[in-house]
file start.cif (mmCIF, N, CA, C and O atoms)
data_coords
#
loop_
_atom_site.label_atom_id
_atom_site.label_comp_id
_atom_site.auth_asym_id
_atom_site.auth_seq_id
_atom_site.Cartn_x
_atom_site.Cartn_y
_atom_site.Cartn_z
N MET V 134 20.24 13.64 -9.33
CA MET V 134 20.01 14.26 -8.04
C MET V 134 18.60 14.86 -7.99
O MET V 134 17.92 14.76 -6.99
N ARG V 135 18.18 15.48 -9.08
CA ARG V 135 16.86 16.11 -9.12
C ARG V 135 15.76 15.08 -8.90
O ARG V 135 14.76 15.36 -8.22
N GLY V 136 15.92 13.89 -9.46
CA GLY V 136 14.93 12.83 -9.28
C GLY V 136 14.80 12.39 -7.84
O GLY V 136 13.75 11.92 -7.42
N LEU V 137 15.85 12.57 -7.07
CA LEU V 137 15.83 12.22 -5.65
C LEU V 137 15.21 13.33 -4.81
O LEU V 137 14.41 13.07 -3.91
N ILE V 138 15.53 14.57 -5.11
CA ILE V 138 15.09 15.69 -4.27
C ILE V 138 13.68 16.16 -4.61
O ILE V 138 12.96 16.67 -3.74
N GLN V 139 13.23 15.99 -5.86
CA GLN V 139 11.92 16.51 -6.26
C GLN V 139 10.76 15.92 -5.45
O GLN V 139 9.89 16.66 -5.01
N PRO V 140 10.72 14.60 -5.22
CA PRO V 140 9.62 14.07 -4.41
C PRO V 140 9.61 14.63 -2.98
O PRO V 140 8.55 14.90 -2.41
N VAL V 141 10.80 14.85 -2.42
CA VAL V 141 10.88 15.42 -1.08
C VAL V 141 10.45 16.89 -1.11
O VAL V 141 9.75 17.36 -0.22
N THR V 142 10.83 17.60 -2.16
CA THR V 142 10.41 18.99 -2.32
C THR V 142 8.90 19.07 -2.44
O THR V 142 8.26 19.93 -1.80
N ASP V 143 8.29 18.18 -3.20
CA ASP V 143 6.83 18.15 -3.34
C ASP V 143 6.17 17.87 -1.99
O ASP V 143 5.17 18.50 -1.64
N LEU V 144 6.73 16.95 -1.23
CA LEU V 144 6.22 16.64 0.10
C LEU V 144 6.29 17.86 1.01
O LEU V 144 5.33 18.18 1.73
N MET V 145 7.42 18.55 0.98
CA MET V 145 7.58 19.75 1.80
C MET V 145 6.60 20.84 1.37
O MET V 145 6.02 21.53 2.22
N ALA V 146 6.38 20.99 0.08
CA ALA V 146 5.43 22.00 -0.42
C ALA V 146 4.03 21.71 0.10
O ALA V 146 3.32 22.63 0.55
N ARG V 147 3.63 20.45 0.08
CA ARG V 147 2.31 20.09 0.61
C ARG V 147 2.24 20.37 2.11
O ARG V 147 1.22 20.86 2.61
N ALA V 148 3.30 20.07 2.84
CA ALA V 148 3.31 20.29 4.28
C ALA V 148 3.25 21.78 4.60
O ALA V 148 2.60 22.18 5.58
N VAL V 149 3.89 22.62 3.82
CA VAL V 149 3.81 24.07 4.02
C VAL V 149 2.39 24.54 3.72
O VAL V 149 1.79 25.30 4.50
N THR V 150 1.80 24.05 2.65
CA THR V 150 0.44 24.45 2.26
C THR V 150 -0.58 24.08 3.33
O THR V 150 -1.49 24.86 3.62
N THR V 151 -0.43 22.91 3.93
CA THR V 151 -1.39 22.46 4.94
C THR V 151 -1.10 23.00 6.33
O THR V 151 -1.86 22.75 7.26
N GLY V 152 0.02 23.71 6.47
CA GLY V 152 0.37 24.27 7.78
C GLY V 152 1.13 23.31 8.68
O GLY V 152 1.39 23.63 9.84
N GLU V 153 1.51 22.15 8.16
CA GLU V 153 2.29 21.20 8.96
C GLU V 153 3.72 21.69 9.16
O GLU V 153 4.38 21.30 10.14
N LEU V 154 4.20 22.50 8.22
CA LEU V 154 5.51 23.13 8.34
C LEU V 154 5.32 24.63 8.17
O LEU V 154 4.39 25.08 7.51
N ARG V 155 6.22 25.39 8.75
CA ARG V 155 6.13 26.85 8.63
C ARG V 155 6.40 27.29 7.21
O ARG V 155 6.96 26.55 6.41
N GLU V 156 6.01 28.53 6.93
CA GLU V 156 6.25 29.11 5.61
C GLU V 156 7.75 29.16 5.35
O GLU V 156 8.49 29.81 6.08
N ALA V 157 8.17 28.45 4.35
CA ALA V 157 9.57 28.44 3.93
C ALA V 157 9.62 27.87 2.52
O ALA V 157 8.67 27.21 2.07
N ASP V 158 10.70 28.10 1.84
CA ASP V 158 10.89 27.58 0.49
C ASP V 158 10.96 26.05 0.56
O ASP V 158 11.84 25.51 1.25
N PRO V 159 10.06 25.35 -0.11
CA PRO V 159 10.07 23.88 -0.07
C PRO V 159 11.39 23.26 -0.55
O PRO V 159 11.81 22.23 -0.02
N GLY V 160 12.03 23.89 -1.51
CA GLY V 160 13.32 23.39 -1.97
C GLY V 160 14.38 23.47 -0.88
O GLY V 160 15.18 22.55 -0.71
N PHE V 161 14.36 24.56 -0.13
CA PHE V 161 15.29 24.70 0.99
C PHE V 161 15.00 23.65 2.05
O PHE V 161 15.92 23.01 2.57
N LEU V 162 13.72 23.48 2.39
CA LEU V 162 13.35 22.49 3.40
C LEU V 162 13.77 21.08 2.98
O LEU V 162 14.30 20.31 3.78
N ALA V 163 13.53 20.76 1.72
CA ALA V 163 13.90 19.43 1.22
C ALA V 163 15.41 19.23 1.28
O ALA V 163 15.88 18.17 1.72
N THR V 164 16.15 20.22 0.85
CA THR V 164 17.61 20.11 0.88
C THR V 164 18.12 19.99 2.31
O THR V 164 18.99 19.15 2.59
N ALA V 165 17.57 20.78 3.22
CA ALA V 165 17.99 20.72 4.62
C ALA V 165 17.70 19.34 5.20
O ALA V 165 18.55 18.76 5.90
N PHE V 166 16.52 18.81 4.92
CA PHE V 166 16.18 17.49 5.43
C PHE V 166 17.10 16.42 4.86
O PHE V 166 17.60 15.56 5.60
N MET V 167 17.33 16.46 3.55
CA MET V 167 18.18 15.46 2.92
C MET V 167 19.62 15.54 3.44
O MET V 167 20.27 14.51 3.64
N GLU V 168 20.10 16.75 3.65
CA GLU V 168 21.46 16.90 4.20
C GLU V 168 21.54 16.36 5.62
O GLU V 168 22.52 15.70 5.98
N LEU V 169 20.52 16.62 6.42
CA LEU V 169 20.49 16.09 7.78
C LEU V 169 20.48 14.56 7.74
O LEU V 169 21.25 13.91 8.45
N ALA V 170 19.61 14.02 6.92
CA ALA V 170 19.52 12.56 6.82
C ALA V 170 20.82 11.95 6.32
O ALA V 170 21.19 10.84 6.73
N ALA V 171 21.53 12.65 5.45
CA ALA V 171 22.78 12.13 4.89
C ALA V 171 23.89 12.04 5.92
O ALA V 171 24.85 11.29 5.73
N THR V 172 23.78 12.77 7.01
CA THR V 172 24.83 12.73 8.03
C THR V 172 24.72 11.52 8.94
O THR V 172 25.65 11.20 9.67
N VAL V 173 23.59 10.83 8.89
CA VAL V 173 23.34 9.69 9.78
C VAL V 173 24.03 8.46 9.23
O VAL V 173 23.90 8.13 8.06
N ARG V 174 24.73 7.79 10.10
CA ARG V 174 25.38 6.54 9.74
C ARG V 174 24.80 5.44 10.62
O ARG V 174 24.90 5.51 11.84
N PRO V 175 24.18 4.43 10.02
CA PRO V 175 23.64 3.33 10.83
C PRO V 175 24.75 2.58 11.53
O PRO V 175 25.89 2.57 11.05
N PRO V 176 24.44 1.94 12.63
CA PRO V 176 25.46 1.15 13.35
C PRO V 176 26.05 0.09 12.43
O PRO V 176 25.35 -0.50 11.61
N GLN V 177 27.33 -0.16 12.57
CA GLN V 177 28.02 -1.13 11.73
C GLN V 177 27.81 -2.57 12.19
O GLN V 177 28.22 -3.49 11.54
N ASP V 178 27.16 -2.75 13.33
CA ASP V 178 26.98 -4.10 13.87
C ASP V 178 25.75 -4.81 13.32
O ASP V 178 25.29 -5.79 13.87
N GLY V 179 25.21 -4.30 12.22
CA GLY V 179 24.03 -4.92 11.64
C GLY V 179 22.82 -4.74 12.52
O GLY V 179 22.06 -5.67 12.75
N GLY V 180 22.62 -3.51 13.02
CA GLY V 180 21.52 -3.20 13.94
C GLY V 180 20.18 -3.74 13.50
O GLY V 180 19.97 -4.11 12.35
N THR V 181 19.27 -3.82 14.43
CA THR V 181 17.94 -4.36 14.19
C THR V 181 17.09 -3.38 13.38
O THR V 181 17.38 -2.18 13.36
N PRO V 182 16.03 -3.87 12.77
CA PRO V 182 15.10 -2.96 12.10
C PRO V 182 14.52 -1.91 13.07
O PRO V 182 14.32 -0.77 12.69
N ALA V 183 14.29 -2.29 14.31
CA ALA V 183 13.77 -1.35 15.30
C ALA V 183 14.78 -0.22 15.54
O ALA V 183 14.40 0.94 15.69
N ALA V 184 16.07 -0.55 15.54
CA ALA V 184 17.10 0.47 15.73
C ALA V 184 17.13 1.41 14.53
O ALA V 184 17.30 2.62 14.69
N ALA V 185 16.98 0.87 13.34
CA ALA V 185 16.94 1.71 12.13
C ALA V 185 15.72 2.61 12.14
O ALA V 185 15.79 3.78 11.78
N ASP V 186 14.57 2.08 12.57
CA ASP V 186 13.35 2.89 12.68
C ASP V 186 13.54 4.01 13.67
O ASP V 186 13.13 5.15 13.44
N ARG V 187 14.18 3.72 14.80
CA ARG V 187 14.42 4.74 15.83
C ARG V 187 15.34 5.83 15.28
O ARG V 187 15.13 7.02 15.53
N LEU V 188 16.35 5.45 14.54
CA LEU V 188 17.27 6.41 13.95
C LEU V 188 16.52 7.32 12.97
O LEU V 188 16.69 8.54 12.99
N ALA V 189 15.65 6.75 12.16
CA ALA V 189 14.84 7.54 11.22
C ALA V 189 13.92 8.49 11.98
O ALA V 189 13.78 9.66 11.61
N GLN V 190 13.30 8.02 13.06
CA GLN V 190 12.44 8.88 13.87
C GLN V 190 13.23 10.02 14.48
O GLN V 190 12.74 11.16 14.55
N ASP V 191 14.44 9.75 14.92
CA ASP V 191 15.28 10.80 15.52
C ASP V 191 15.62 11.88 14.49
O ASP V 191 15.64 13.07 14.81
N VAL V 192 15.89 11.48 13.25
CA VAL V 192 16.20 12.46 12.19
C VAL V 192 14.99 13.34 11.92
O VAL V 192 15.10 14.57 11.85
N VAL V 193 13.82 12.73 11.79
CA VAL V 193 12.60 13.49 11.53
C VAL V 193 12.30 14.42 12.71
O VAL V 193 11.96 15.60 12.52
N ASP V 194 12.46 13.92 13.93
CA ASP V 194 12.21 14.74 15.12
C ASP V 194 13.16 15.93 15.17
O ASP V 194 12.74 17.05 15.45
N LEU V 195 14.43 15.70 14.88
CA LEU V 195 15.39 16.80 14.88
C LEU V 195 15.03 17.83 13.81
O LEU V 195 15.09 19.04 14.05
N PHE V 196 14.61 17.37 12.64
CA PHE V 196 14.22 18.29 11.57
C PHE V 196 13.00 19.11 11.98
O PHE V 196 12.96 20.32 11.80
N LEU V 197 11.99 18.45 12.53
CA LEU V 197 10.74 19.14 12.86
C LEU V 197 10.81 19.99 14.12
O LEU V 197 10.17 21.03 14.20
N ARG V 198 11.58 19.56 15.11
CA ARG V 198 11.57 20.24 16.41
C ARG V 198 12.89 20.90 16.79
O ARG V 198 12.96 21.58 17.80
N GLY V 199 13.92 20.68 16.01
CA GLY V 199 15.21 21.28 16.33
C GLY V 199 15.91 20.52 17.44
O GLY V 199 15.49 19.44 17.83
N ALA V 200 16.95 21.10 17.95
CA ALA V 200 17.76 20.45 18.96
C ALA V 200 17.49 20.97 20.36
O ALA V 200 18.20 20.61 21.30
N GLY V 201 16.46 21.79 20.51
CA GLY V 201 16.12 22.31 21.82
C GLY V 201 15.58 21.21 22.73
O GLY V 201 15.29 20.10 22.30
N PRO V 202 15.42 21.54 24.01
CA PRO V 202 14.92 20.54 24.96
C PRO V 202 13.46 20.17 24.66
O PRO V 202 12.70 20.98 24.14
N ASP V 203 13.10 18.96 25.02
CA ASP V 203 11.72 18.50 24.87
C ASP V 203 10.87 19.21 25.91
O ASP V 203 11.16 19.14 27.10
N THR V 204 9.84 19.91 25.46
CA THR V 204 9.03 20.71 26.39
C THR V 204 7.70 20.04 26.73
O THR V 204 6.84 20.66 27.31
N HIS V 205 7.51 18.79 26.33
CA HIS V 205 6.27 18.10 26.69
C HIS V 205 6.51 16.71 27.16
O HIS V 205 7.44 16.18 27.39
#
call {"tool": "encode", "arguments": {"input": "start.cif", "output": "structure tokens"}}
result
Amino acid sequence: MRGLIQPVTDLMARAVTTGELREADPGFLATAFMELAATVRPPQDGGTPAAADRLAQDVVDLFLRGAGPDTH
């Protein structure tokens, strides 16, 4: 499990350092992101690569912006 989460934790640490993410524990951010991503189930109908890309974008958007309304 550590081998899976460490690269994401390192990514989150860099994002916090550069100001791309707010000040927070990188381990917490990595775990939260991985848990969110783990809840996603791709369509069972053998969806297209574009659909899988859209699903991945939606997960990242939800992580970065929350579930509030789009303000732009």
call {"tool": "resolve_selection", "arguments": {"input": "start.cif", "expression": "the PyMOL selection byres ((chain V and resi 156-173) around 7)", "output": "PyMOL selection string"}}
result
chain V and resi 138+141-143+145-146+149+154-155+174-175+192+196
call {"tool": "select_by_dssp", "arguments": {"input": "start.cif", "residues": "chain V", "states": "helix (DSSP H, G or I)", "output": "ChimeraX atom specification"}}
result
/V:135-151,159-171,182-198
call {"tool": "axis_aligned_box", "arguments": {"input": "start.cif", "around": "range 139-149 of chain V", "padding_each_side": "5 Å", "output": "JSON"}}
result
{"center_x": 7.2, "center_y": 19.7, "center_z": -0.3, "size_x": 22.0, "size_y": 21.2, "size_z": 21.8}
